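upload.cif (mmCIF, C-alpha atoms)
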data_entry
#
loop_
_atom_site.label_atom_id
_atom_site.label_comp_id
_atom_site.auth_asym_id
_atom_site.auth_seq_id
_atom_site.Cartn_x
_atom_site.Cartn_y
_atom_site.Cartn_z
CA MET A 1 254.77 310.71 44.45
CA ARG A 2 257.95 309.04 45.67
CA ASN A 3 259.18 312.38 46.93
CA LEU A 4 255.93 312.86 48.74
CA ILE A 5 256.34 309.52 50.52
CA LEU A 6 259.93 310.38 51.37
CA ILE A 7 258.83 313.69 52.79
CA PHE A 8 256.24 311.92 54.87
CA ILE A 9 258.76 309.41 56.19
CA LYS A 10 261.11 312.20 57.12
CA TYR A 11 258.62 314.71 58.49
CA GLY A 12 255.71 312.38 59.26
CA GLY A 13 255.97 313.01 62.97
CA PHE A 14 255.84 316.74 62.45
CA ILE A 15 252.94 316.57 59.97
CA LEU A 16 251.00 314.26 62.27
CA PHE A 17 251.81 316.54 65.19
CA LEU A 18 250.32 319.53 63.36
CA LEU A 19 247.26 317.54 62.23
CA LEU A 20 246.56 316.12 65.67
CA GLU A 21 247.13 319.44 67.43
CA GLY A 22 244.69 320.98 64.98
CA LEU A 23 242.18 318.25 65.78
CA CYS A 24 242.73 318.72 69.51
CA PHE A 25 242.32 322.45 69.20
CA TYR A 26 239.06 321.92 67.35
CA MET A 27 237.82 319.53 70.04
CA VAL A 28 238.93 321.82 72.85
CA VAL A 29 237.04 324.74 71.37
CA GLN A 30 234.05 322.68 70.27
CA TYR A 31 233.38 320.59 73.35
CA ASN A 32 234.72 322.56 76.30
CA LYS A 33 232.47 325.32 77.50
CA LYS A 34 235.12 327.55 79.05
CA GLN A 35 237.62 327.35 76.20
CA ASN A 36 234.79 327.77 73.72
CA GLN A 37 233.72 331.02 75.34
CA ILE A 38 237.27 332.33 75.48
CA PHE A 39 237.96 331.39 71.87
CA PHE A 40 234.82 332.84 70.40
CA SER A 41 234.94 336.01 72.42
CA SER A 42 238.52 336.65 71.31
CA ALA A 43 237.55 335.69 67.76
CA ASN A 44 234.76 338.21 68.00
CA THR A 45 237.12 340.86 69.22
CA ILE A 46 239.18 340.35 66.08
CA SER A 47 236.31 340.07 63.60
CA GLY A 48 234.49 342.93 65.28
CA PHE A 49 237.57 345.08 64.82
CA LEU A 50 237.80 344.10 61.15
CA TYR A 51 234.15 344.83 60.50
CA SER A 52 234.31 348.22 62.13
CA GLN A 53 237.39 349.08 60.05
CA MET A 54 235.60 347.97 56.88
CA ASP A 55 232.65 350.06 57.91
CA GLU A 56 234.88 353.11 58.26
CA VAL A 57 236.15 352.64 54.71
CA THR A 58 232.77 352.09 53.09
CA LYS A 59 231.33 354.94 55.10
CA PHE A 60 233.94 357.18 53.53
CA TRP A 61 232.97 356.00 50.05
CA ASN A 62 229.33 356.73 50.70
CA LEU A 63 230.04 360.08 52.23
CA SER A 64 229.07 362.26 49.30
CA ALA A 65 225.79 360.44 48.75
CA VAL A 66 224.99 360.68 52.44
CA ALA A 67 225.83 364.38 52.51
CA ASP A 68 223.54 364.92 49.52
CA SER A 69 220.62 363.19 51.11
CA ILE A 70 221.20 364.94 54.42
CA SER A 71 221.20 368.36 52.84
CA ARG A 72 218.03 367.55 50.94
CA GLU A 73 216.46 366.28 54.11
CA ASN A 74 217.53 369.41 55.92
CA ALA A 75 215.84 371.50 53.29
CA GLN A 76 212.65 369.55 53.74
CA LEU A 77 212.82 370.00 57.47
CA TYR A 78 213.42 373.73 57.22
CA ALA A 79 210.33 373.96 55.08
CA ARG A 80 208.34 372.27 57.79
CA LEU A 81 209.49 374.48 60.62
CA ASP A 82 206.95 376.77 62.18
CA ASN A 83 208.81 379.88 61.16
CA ALA A 84 208.57 378.80 57.56
CA ARG A 85 204.83 378.52 57.93
CA LEU A 86 204.38 381.70 59.81
CA ILE A 87 204.65 383.85 56.74
CA GLN A 88 202.58 381.68 54.48
CA SER A 89 199.65 381.00 56.75
CA PRO A 90 199.23 383.63 59.43
CA THR A 91 195.63 382.56 60.16
CA ARG A 92 196.71 379.11 61.00
CA ASP A 93 199.31 380.61 63.22
CA THR A 94 196.90 382.68 65.26
CA MET A 95 194.53 379.78 65.60
CA PHE A 96 196.83 377.01 66.57
CA TYR A 97 200.12 378.41 67.57
CA GLN A 98 199.49 378.73 71.29
CA ASP A 99 198.15 375.24 71.60
CA THR A 100 200.82 373.52 69.64
CA LEU A 101 202.03 370.48 71.47
CA MET A 102 204.76 368.14 70.47
CA MET A 103 203.04 364.93 69.45
CA TYR A 104 205.47 362.94 67.34
CA GLU A 105 209.12 362.56 68.07
CA PHE A 106 211.54 361.41 65.34
CA MET A 107 214.64 359.40 66.15
CA PRO A 108 217.14 358.78 63.36
CA ALA A 109 218.55 355.26 63.05
CA LYS A 110 220.95 353.46 60.78
CA VAL A 111 219.70 350.38 58.92
CA ARG A 112 221.70 347.34 59.87
CA ASN A 113 220.02 344.68 57.81
CA ASN A 114 217.28 344.73 55.22
CA SER A 115 215.39 342.18 53.16
CA ILE A 116 212.94 342.70 50.33
CA SER A 117 212.91 339.34 48.60
CA SER A 118 211.01 337.05 50.94
CA HIS A 119 207.30 336.89 51.76
CA ASN A 120 207.77 338.44 55.14
CA ASN A 121 210.41 341.09 55.06
CA PHE A 122 212.07 342.65 58.07
CA LEU A 123 214.69 345.31 58.66
CA THR A 124 217.07 345.58 61.56
CA ILE A 125 217.94 349.04 62.80
CA GLU A 126 220.57 350.27 65.21
CA LEU A 127 218.27 351.60 67.85
CA GLY A 128 216.87 349.63 70.74
CA GLU A 129 215.29 349.55 74.15
CA LYS A 130 218.13 351.66 75.47
CA GLN A 131 216.81 354.52 73.32
CA LYS A 132 213.25 353.79 74.48
CA VAL A 133 212.18 352.16 71.24
CA LYS A 134 209.15 349.93 71.75
CA PRO A 135 207.26 347.47 69.56
CA GLY A 136 204.46 349.25 67.73
CA MET A 137 206.34 352.41 66.86
CA GLY A 138 206.32 353.52 63.25
CA VAL A 139 209.36 353.75 61.00
CA VAL A 140 209.69 356.08 58.00
CA SER A 141 212.51 357.04 55.70
CA LYS A 142 213.04 360.42 54.10
CA SER A 143 211.01 359.41 51.07
CA GLY A 144 208.18 357.50 52.69
CA LEU A 145 206.81 354.74 54.82
CA VAL A 146 209.02 351.84 55.93
CA GLY A 147 207.20 349.77 58.54
CA VAL A 148 206.43 349.17 62.19
CA ILE A 149 208.75 347.99 64.98
CA ASN A 150 207.87 344.46 66.01
CA LYS A 151 210.73 343.41 68.30
CA CYS A 152 213.38 345.17 70.34
CA THR A 153 216.59 344.14 71.99
CA GLU A 154 218.83 346.35 74.04
CA HIS A 155 220.62 347.93 71.09
CA PHE A 156 218.66 346.86 68.03
CA ALA A 157 215.13 346.69 66.82
CA SER A 158 213.46 344.61 64.15
CA VAL A 159 211.08 346.41 61.83
CA MET A 160 208.23 344.65 60.07
CA SER A 161 208.50 346.18 56.64
CA ILE A 162 205.43 347.26 54.67
CA LEU A 163 206.63 344.53 52.32
CA ASN A 164 205.37 341.91 54.73
CA LYS A 165 202.25 339.77 54.30
CA GLU A 166 201.21 340.51 57.87
CA SER A 167 201.64 344.23 57.66
CA ARG A 168 198.41 346.27 57.74
CA ILE A 169 198.66 350.03 57.85
CA SER A 170 195.93 352.63 57.74
CA ALA A 171 196.28 354.76 54.59
CA ALA A 172 194.21 357.34 52.73
CA VAL A 173 193.90 359.03 49.36
CA ARG A 174 195.31 362.52 49.80
CA ARG A 175 192.93 364.30 47.42
CA ASN A 176 189.65 363.26 49.03
CA GLY A 177 190.53 361.53 52.28
CA TYR A 178 188.96 358.09 51.66
CA HIS A 179 190.88 355.66 53.79
CA GLY A 180 191.59 351.95 53.79
CA PHE A 181 194.36 349.54 54.66
CA LEU A 182 197.67 349.07 53.02
CA VAL A 183 198.65 345.42 52.60
CA TRP A 184 201.23 343.61 50.53
CA ARG A 185 200.05 340.84 48.24
CA ASN A 186 202.01 340.80 45.03
CA SER A 187 205.50 339.96 46.27
CA ASP A 188 206.68 342.90 44.20
CA PRO A 189 208.91 345.17 46.27
CA THR A 190 207.90 348.26 44.31
CA GLN A 191 204.17 347.80 44.78
CA THR A 192 201.64 347.44 47.58
CA THR A 193 197.89 347.14 47.65
CA LEU A 194 195.34 349.44 49.25
CA ILE A 195 192.08 347.73 50.17
CA ASP A 196 188.75 348.71 51.76
CA ILE A 197 188.29 351.96 49.83
CA PRO A 198 184.53 352.27 49.29
CA LYS A 199 183.12 351.76 45.79
CA HIS A 200 181.69 355.27 45.51
CA ALA A 201 185.03 357.03 45.99
CA ASP A 202 186.20 358.81 42.86
CA LEU A 203 189.75 357.83 42.05
CA VAL A 204 192.19 358.85 39.36
CA LYS A 205 195.33 357.06 38.37
CA GLY A 206 198.25 358.99 39.80
CA ASP A 207 196.46 360.08 42.99
CA THR A 208 198.78 360.27 45.98
CA ILE A 209 198.35 357.79 48.82
CA GLN A 210 199.48 358.92 52.24
CA THR A 211 199.15 357.78 55.84
CA SER A 212 195.74 358.54 57.29
CA GLY A 213 196.80 359.51 60.80
CA TYR A 214 193.91 357.46 62.19
CA SER A 215 196.21 355.00 63.82
CA SER A 216 198.39 356.31 66.58
CA ILE A 217 201.49 355.02 64.87
CA PHE A 218 202.11 357.46 62.02
CA PRO A 219 201.30 361.15 61.75
CA GLU A 220 199.01 362.13 58.93
CA GLY A 221 200.41 362.91 55.52
CA ILE A 222 203.44 360.68 55.15
CA MET A 223 203.79 359.86 51.48
CA ILE A 224 203.34 356.22 50.55
CA GLY A 225 202.99 356.19 46.77
CA THR A 226 200.70 356.81 43.84
CA ILE A 227 197.76 354.91 42.39
CA GLU A 228 198.93 352.70 39.57
CA ASP A 229 195.72 350.84 38.91
CA PHE A 230 192.37 350.32 40.64
CA TYR A 231 189.54 347.85 40.20
CA ILE A 232 186.67 346.20 42.07
CA GLU A 233 187.01 342.50 42.66
CA PRO A 234 183.85 340.60 41.68
CA GLY A 235 181.30 340.52 44.51
CA SER A 236 183.05 343.20 46.51
CA ASN A 237 181.87 346.63 47.56
CA PHE A 238 185.38 347.99 47.83
CA TYR A 239 188.12 349.07 45.52
CA THR A 240 191.42 347.22 45.36
CA ILE A 241 194.13 349.67 44.47
CA ASP A 242 197.62 348.89 43.27
CA VAL A 243 199.94 351.46 44.76
CA ALA A 244 203.33 352.18 43.22
CA LEU A 245 205.61 352.85 46.17
CA GLY A 246 207.25 356.24 46.18
CA ASN A 247 209.94 354.79 48.33
CA ASP A 248 212.62 352.36 47.22
CA LEU A 249 212.97 350.04 50.20
CA SER A 250 215.85 348.14 48.69
CA ASN A 251 218.51 350.76 49.30
CA ILE A 252 217.51 352.65 52.42
CA LYS A 253 220.32 353.41 54.80
CA TYR A 254 218.84 355.76 57.36
CA VAL A 255 215.34 355.71 58.82
CA TYR A 256 213.43 357.59 61.48
CA VAL A 257 211.57 355.91 64.31
CA ILE A 258 208.41 357.76 65.24
CA ASN A 259 207.45 357.94 68.85
CA ASN A 260 203.91 359.12 69.47
CA LEU A 261 204.14 360.99 72.76
CA LEU A 262 200.38 360.97 73.24
CA LYS A 263 199.87 357.34 72.35
CA ASN A 264 198.92 356.27 75.87
CA GLU A 265 196.24 358.90 76.00
CA LEU A 266 194.79 357.79 72.70
CA GLU A 267 194.87 354.12 73.64
CA GLU A 268 193.21 354.87 76.95
CA LEU A 269 190.36 356.58 75.22
CA LYS A 270 190.04 353.76 72.74
CA ASN A 271 189.98 351.12 75.48
CA GLU A 272 187.40 353.03 77.51
CA GLY A 273 185.20 353.17 74.47
CA GLN A 274 185.46 349.42 74.07
CA ASP A 275 184.74 348.71 77.70
CA GLU A 276 181.33 350.22 77.64
CA MET B 277 258.91 292.61 69.77
CA ASN B 278 255.65 291.10 70.91
CA SER B 279 256.64 291.25 74.53
CA THR B 280 257.41 294.99 74.08
CA VAL B 281 253.99 295.60 72.55
CA LEU B 282 252.33 293.61 75.30
CA ALA B 283 254.24 295.36 78.05
CA ASN B 284 253.42 298.78 76.66
CA THR B 285 249.77 297.91 76.15
CA LEU B 286 249.53 296.77 79.72
CA ARG B 287 251.33 299.89 80.90
CA PHE B 288 248.99 302.02 78.84
CA LEU B 289 245.90 300.45 80.39
CA GLY B 290 247.39 300.39 83.86
CA LEU B 291 248.44 304.05 83.76
CA VAL B 292 245.12 305.24 82.31
CA PHE B 293 243.11 303.40 84.95
CA LEU B 294 245.43 304.44 87.75
CA GLN B 295 245.16 308.03 86.54
CA VAL B 296 241.39 308.24 86.13
CA LEU B 297 240.29 305.97 88.96
CA VAL B 298 242.74 306.90 91.70
CA LEU B 299 244.90 309.95 90.96
CA LYS B 300 242.09 312.01 89.48
CA ARG B 301 240.12 311.92 92.72
CA PHE B 302 243.17 312.68 94.74
CA SER B 303 244.02 315.63 92.48
CA LEU B 304 240.61 317.16 92.82
CA GLY B 305 240.44 316.63 96.57
CA TRP B 306 240.69 320.30 97.49
CA GLU B 307 237.87 322.70 97.00
CA ASN B 308 238.83 325.83 95.06
CA PHE B 309 242.48 324.89 95.36
CA ASN B 310 243.36 322.31 92.74
CA TYR B 311 246.93 323.38 92.22
CA PHE B 312 248.16 319.89 92.95
CA ASN B 313 247.30 317.64 90.07
CA ILE B 314 249.09 314.33 89.94
CA PHE B 315 249.82 313.32 86.37
CA LEU B 316 251.41 309.92 86.04
CA TYR B 317 250.18 308.95 82.57
CA PRO B 318 252.89 310.84 80.58
CA LEU B 319 255.16 308.08 81.85
CA PHE B 320 253.73 305.89 79.10
CA ILE B 321 255.19 308.21 76.46
CA MET B 322 258.51 308.38 78.30
CA LEU B 323 258.89 304.61 78.49
CA LEU B 324 258.17 303.75 74.85
CA PRO B 325 261.14 302.05 73.13
CA LEU B 326 263.72 304.16 71.31
CA ARG B 327 263.10 302.56 67.93
CA ILE B 328 259.47 303.66 67.72
CA PRO B 329 258.83 305.85 64.62
CA HIS B 330 258.15 309.49 65.37
CA SER B 331 254.69 309.52 63.78
CA LEU B 332 253.60 306.42 65.72
CA LEU B 333 254.86 308.09 68.88
CA VAL B 334 252.78 311.20 68.19
CA GLY B 335 249.76 309.04 67.34
CA LEU B 336 250.11 307.11 70.61
CA GLY B 337 250.40 310.38 72.51
CA PHE B 338 247.09 311.39 71.00
CA VAL B 339 245.40 308.07 71.85
CA LEU B 340 246.68 308.29 75.42
CA GLY B 341 245.46 311.86 75.82
CA ILE B 342 242.04 311.07 74.40
CA GLY B 343 241.79 308.07 76.74
CA ILE B 344 242.41 310.37 79.69
CA ASP B 345 240.13 313.06 78.29
CA ILE B 346 237.18 310.69 78.13
CA PHE B 347 237.31 310.33 81.90
CA TYR B 348 238.29 313.89 82.67
CA ASP B 349 235.41 315.12 80.52
CA SER B 350 237.64 317.59 78.71
CA PRO B 351 237.87 316.48 75.04
CA GLY B 352 241.14 317.53 73.47
CA VAL B 353 242.84 319.14 76.44
CA HIS B 354 244.93 316.19 77.62
CA ALA B 355 245.19 314.94 74.05
CA SER B 356 246.88 318.11 72.86
CA ALA B 357 249.37 317.93 75.73
CA GLY B 358 250.00 314.23 75.01
CA VAL B 359 250.63 314.94 71.34
CA PHE B 360 252.99 317.76 72.26
CA THR B 361 254.96 315.65 74.74
CA ALA B 362 255.26 312.78 72.26
CA PHE B 363 256.35 315.22 69.58
CA ILE B 364 259.21 316.69 71.60
CA ARG B 365 260.45 313.38 73.04
CA PRO B 366 262.98 312.64 70.24
CA PHE B 367 264.41 316.14 70.57
CA VAL B 368 264.82 315.76 74.32
CA LEU B 369 266.42 312.35 73.75
CA SER B 370 268.87 313.64 71.16
CA PHE B 371 269.76 316.47 73.51
CA MET B 372 270.57 313.96 76.22
CA GLU B 373 272.32 311.44 74.02
CA PRO B 374 275.08 309.64 75.99
CA ARG B 375 278.57 309.30 74.60
CA GLY B 376 278.55 306.55 71.99
CA GLY B 377 274.90 307.15 71.04
CA TYR B 378 271.82 305.07 71.64
CA ASN B 379 271.24 301.45 70.84
CA VAL B 380 267.91 301.42 68.97
CA ASN B 381 266.81 298.29 70.80
CA HIS B 382 266.95 299.98 74.16
CA THR B 383 264.25 301.80 76.07
CA PRO B 384 264.85 305.01 78.04
CA THR B 385 264.53 303.58 81.56
CA LYS B 386 266.16 304.05 84.92
CA ALA B 387 267.55 300.51 84.72
CA ARG B 388 269.29 301.23 81.43
CA PHE B 389 270.57 304.78 81.81
CA GLY B 390 270.71 305.34 85.54
CA LEU B 391 268.58 307.32 87.96
CA SER B 392 270.00 310.80 87.42
CA TRP B 393 269.74 310.52 83.64
CA PHE B 394 266.16 309.30 83.88
CA LEU B 395 265.32 312.02 86.38
CA ILE B 396 266.42 314.79 84.01
CA TYR B 397 264.78 313.13 81.02
CA SER B 398 261.45 312.65 82.75
CA SER B 399 261.57 316.10 84.38
CA VAL B 400 261.96 317.88 81.06
CA LEU B 401 259.10 315.97 79.46
CA MET B 402 256.87 316.23 82.52
CA PHE B 403 257.41 319.95 82.83
CA ALA B 404 256.71 320.49 79.13
CA HIS B 405 253.63 318.32 79.38
CA LEU B 406 252.23 320.09 82.40
CA PHE B 407 252.95 323.55 81.08
CA PHE B 408 251.27 322.74 77.77
CA TYR B 409 248.34 321.13 79.55
CA PHE B 410 247.68 324.03 81.90
CA SER B 411 248.06 326.52 79.05
CA VAL B 412 245.41 324.74 76.99
CA GLU B 413 243.28 324.31 80.09
CA ALA B 414 243.35 328.04 80.83
CA PHE B 415 243.28 328.77 77.09
CA THR B 416 244.61 332.27 77.54
CA PHE B 417 247.97 333.58 78.65
CA TYR B 418 246.24 336.21 80.66
CA TYR B 419 246.70 334.02 83.73
CA ILE B 420 250.30 333.12 82.97
CA GLY B 421 251.27 333.40 86.64
CA ASP B 422 248.55 330.97 87.60
CA ILE B 423 249.57 328.61 84.82
CA PHE B 424 253.14 328.61 86.11
CA LEU B 425 252.07 328.08 89.69
CA ARG B 426 249.95 325.10 88.73
CA THR B 427 252.68 323.70 86.51
CA VAL B 428 255.35 323.90 89.19
CA SER B 429 253.22 322.56 92.05
CA SER B 430 251.84 319.72 89.94
CA PHE B 431 255.31 319.03 88.59
CA PHE B 432 256.83 318.30 91.97
CA ILE B 433 254.04 316.08 93.20
CA SER B 434 253.89 314.23 89.86
CA MET B 435 257.62 313.65 89.82
CA ILE B 436 257.40 312.00 93.24
CA PHE B 437 254.95 309.53 91.77
CA ILE B 438 257.10 309.01 88.66
CA ILE B 439 260.11 308.13 90.81
CA MET B 440 258.04 305.89 93.04
CA TYR B 441 256.86 304.06 89.94
CA GLN B 442 260.47 303.51 88.85
CA PHE B 443 261.37 301.94 92.16
CA ILE B 444 258.26 299.82 92.51
CA PHE B 445 258.07 298.39 88.97
CA ASP B 446 261.59 299.14 87.70
CA PRO B 447 260.64 298.88 84.00
CA ARG B 448 263.20 297.35 81.64
CA ASP B 449 263.67 297.20 77.88
#
Kindly return the structure encoded in the file as C-alpha cells.
Amino acid sequence: MRNLILIFIKYGGFILFLLLEGLCFYMVVQYNKKQNQIFFSSANTISGFLYSQMDEVTKFWNLSAVADSISRENAQLYARLDNARLIQSPTRDTMFYQDTLMMYEFMPAKVRNNSISSHNNFLTIELGEKQKVKPGMGVVSKSGLVGVINKCTEHFASVMSILNKESRISAAVRRNGYHGFLVWRNSDPTQTTLIDIPKHADLVKGDTIQTSGYSSIFPEGIMIGTIEDFYIEPGSNFYTIDVALGNDLSNIKYVYVINNLLKNELEELKNEGQDE
Amino acid sequence: MNSTVLANTLRFLGLVFLQVLVLKRFSLGWENFNYFNIFLYPLFIMLLPLRIPHSLLVGLGFVLGIGIDIFYDSPGVHASAGVFTAFIRPFVLSFMEPRGGYNVNHTPTKARFGLSWFLIYSSVLMFAHLFFYFSVEAFTFYYIGDIFLRTVSSFFISMIFIIMYQFIFDPRD
C-alpha cells in the first residue's frame, strides 16, 4: 500500500495525464459529431476486417459439409431437369414441352442471422434490393420451406420465418390435395400447425404436407413436413394437424429466394376478380 | 500562498472569459477560412507557480480545457490539449533550466527570467498545445498538412497576444 502511494506521488502526474486523456478521448468521440463519425468508421474498418478474416477461417472449417450439401443439392437438381424427365415421361413431354415457360426463379443466398427461440422469428439473408429481392417473395432451403421476405434493404433482406406467429402459408396434403393454412402456435421449432383442412378429408399419420401452389409465392410441391397428429377441436368443422417439420430451421446456412416471374399477371387477375 | 491562489484564480477566469467572449468571435471571423485561431488561455498553464505538483497541474489543465470546451461546444477537444500542455510543462521547464536551477517559490514569468527565455518557453508550450489541439480537432492524420498550416498560422497570431499580455499585465511571482 505504501509503495502504491509512493508510486502515485512519483508518477501521479503521468497517471492522471493518462486518465484525463482517456476521459477526453471518450468525450471527444461521444459528444462531437465529426470525431464520432471518424472514430466509428475507422473502428468499423478494423472490426470489419477482423470479422471477414474470421469468416474466412470458419468457412474453411465448414467446407466439407458445404461441399456435401452442394453435391446432394446438385443431384436433386439434375433429377429435376427436363432431360431427366424426358425419358421417364415422354407423354408429358409432348404435351407440355413446347409451352414450357419459366415461372419461378431461384436465387441462392447466405443466411446472415437466424432466430428460432422467440415468438416471432426472423432470418436475415445476404440478398437485397440490389438483387431485385422484394417483400412477399418466398424463401426455401434445400430441405423445405423457410419463410417469406418481409423487409429489404439495399444488400440484405429480412425473412419472416414459418416459425412466426404471424406467418400464414397455404399448404396441402400431398396424397389427396386437401389444402389449408400453415401457422405456428406451439412455440416448438420442430413443429407447425396446419389448420382449415375440412373434416371429411381422410388423413393418415405420416402423410406428407407440401406447399399448395395456390398462392403466388411458392411453387407447388415444396416439402414442408409430415403429419404427426391430427384432431378436430370441439365445435369446429376443420381438422387441426400437427406437422413435424422436415426441415431443421436452426442450422440452415444457405437458402433460395423464389421470384415468381408471373406474379404480376396473377395478381392482376385476382384484383380484377375482386373489383367486379 | 493565498495571494498566488487568488491571482491564478482571477487569471483563470479572466483568460477563459477573454477567450470565449472576445477571441473566439475574432477567430471565427472568416468564412471557410478559420486558419487564424487566437488561443490565449494556455497562458494560464504557463504562468502557474513552479512549486505546483505535477498531478495538480494536469488536473488544472483539464479544468481549463473543459471550461473553454463548454463555450466552444466541443467537449473534450480543448481539454485534451490542455491536459497535454500541462503534462509536458515540467519537461519543458527542466529542459530550459537556468544555471543554478530554479527556486521553487518562483513563477516562470517574463519579469523573473527575461523576455527571450519566456518567449522560448511559451513558444514551445503554445506550439505543442496548438498542434495537439488541431490534431484532436481533425481527429485523423490524413490532413496532416492542414493541421500544420493551422498550427503555424494560429501559433504566430497567438504568440503576438501572449507577448502583448506580458507587456500589459507583466505578471509576477
Explicit residue set for the PyMOL selection byres ((chain B) within 6 of (chain A)), as a PyMOL selection string: chain B and resi 330-331+351-353+356+415
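Reported to one decimal place, the separation of CA of Ile258 (chain A) from CA of Ile125 (chain A) is 13.1 Å.
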Which residues come within 9 Å of region 106-116 of chain A, counting all atoms listed in the file, excluding same-chain residues fewer than 6 positions away, as a VMD selection string? chain A and resid 122 to 127 131 156 161 163 to 164 187 to 189 249 to 260
Please evaluate the PyMOL selection byres ((chain B and resi 427) around 12) against the displayed coordinates and give the resulting residues as a PyMOL selection string. chain B and resi 310-315+399+402-411+413-414+420-426+428-435
Identify, on the basis of all atoms listed in the file, every residue whose closest approach to Pro318 (chain B) does not exceed 10 Å; exclude the query and any residue fewer than 5 positions from it along the same chain; express the result as a PDB file with C-alpha atoms, in the frame of the given file.
ATOM      1  CA  PHE B 288     248.990 302.020  78.840  1.00  0.00           C
ATOM      2  CA  LEU B 291     248.440 304.050  83.760  1.00  0.00           C
ATOM      3  CA  VAL B 292     245.120 305.240  82.310  1.00  0.00           C
ATOM      4  CA  LEU B 323     258.890 304.610  78.490  1.00  0.00           C
ATOM      5  CA  GLY B 337     250.400 310.380  72.510  1.00  0.00           C
ATOM      6  CA  LEU B 340     246.680 308.290  75.420  1.00  0.00           C
ATOM      7  CA  GLY B 341     245.460 311.860  75.820  1.00  0.00           C
ATOM      8  CA  ALA B 357     249.370 317.930  75.730  1.00  0.00           C
ATOM      9  CA  GLY B 358     250.000 314.230  75.010  1.00  0.00           C
ATOM     10  CA  THR B 361     254.960 315.650  74.740  1.00  0.00           C
ATOM     11  CA  ALA B 362     255.260 312.780  72.260  1.00  0.00           C
ATOM     12  CA  SER B 398     261.450 312.650  82.750  1.00  0.00           C
ATOM     13  CA  LEU B 401     259.100 315.970  79.460  1.00  0.00           C
ATOM     14  CA  MET B 402     256.870 316.230  82.520  1.00  0.00           C
ATOM     15  CA  HIS B 405     253.630 318.320  79.380  1.00  0.00           C
ATOM     16  CA  LEU B 406     252.230 320.090  82.400  1.00  0.00           C
ATOM     17  CA  SER B 434     253.890 314.230  89.860  1.00  0.00           C
ATOM     18  CA  ILE B 438     257.100 309.010  88.660  1.00  0.00           C
TER      19      ILE B 438
END
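For the pair CA of Leu316 (chain B) and CA of Gly377 (chain B), the interatomic distance is 28.0 Å.
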Would you please work out which residue, of A:Gly246, A:Ser143, A:Glu233, A:Ile241, is nearest to Glu73 (chain A) when using all atoms listed in the file? A:Ser143
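Residue membership of the PyMOL selection byres ((chain A and resi 104) around 12) in the shown file amounts to Thr100, Leu101, Met102, Met103, Glu105, Phe106, Met107, Met137, Gly138, Val139, Gly213, Ser216, Ile217, Phe218, Pro219, Glu220, Tyr256, Val257, Ile258, Asn259, Asn260, Leu261, Leu262 and Lys263 of chain A.
With only C-alpha atoms as the atoms that count, the residue of B:Val380, B:Leu369, B:Val296, B:Val412 with the shortest distance to Tyr397 (chain B) is B:Leu369.
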A:Asp248, A:Ala171, A:Lys142, A:Ile46: which is nearest Ile70 (chain A), counting all atoms listed in the file? A:Lys142
Counting only C-alpha atoms, which of B:Gly335, B:Ile396, B:Phe371, B:Leu324 gets nearest to Leu282 (chain B)?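 Answer, going by the shortest atom-to-atom distance: B:Leu324.
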What's the separation between CA of Leu245 (chain A) and CA of Ile232 (chain A), in Å to one decimal place?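 Atom-to-atom, CA of Leu245 (chain A) and CA of Ile232 (chain A) are spaced 20.5 Å apart.
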Please provide the set of residues having any atom within 12 Å of Met372 (chain B), restricted to all atoms listed in the file, with same-chain residues fewer than 5 positions apart removed, written as a PyMOL selection string. chain B and resi 365-367+377-378+384+389+392-398+400
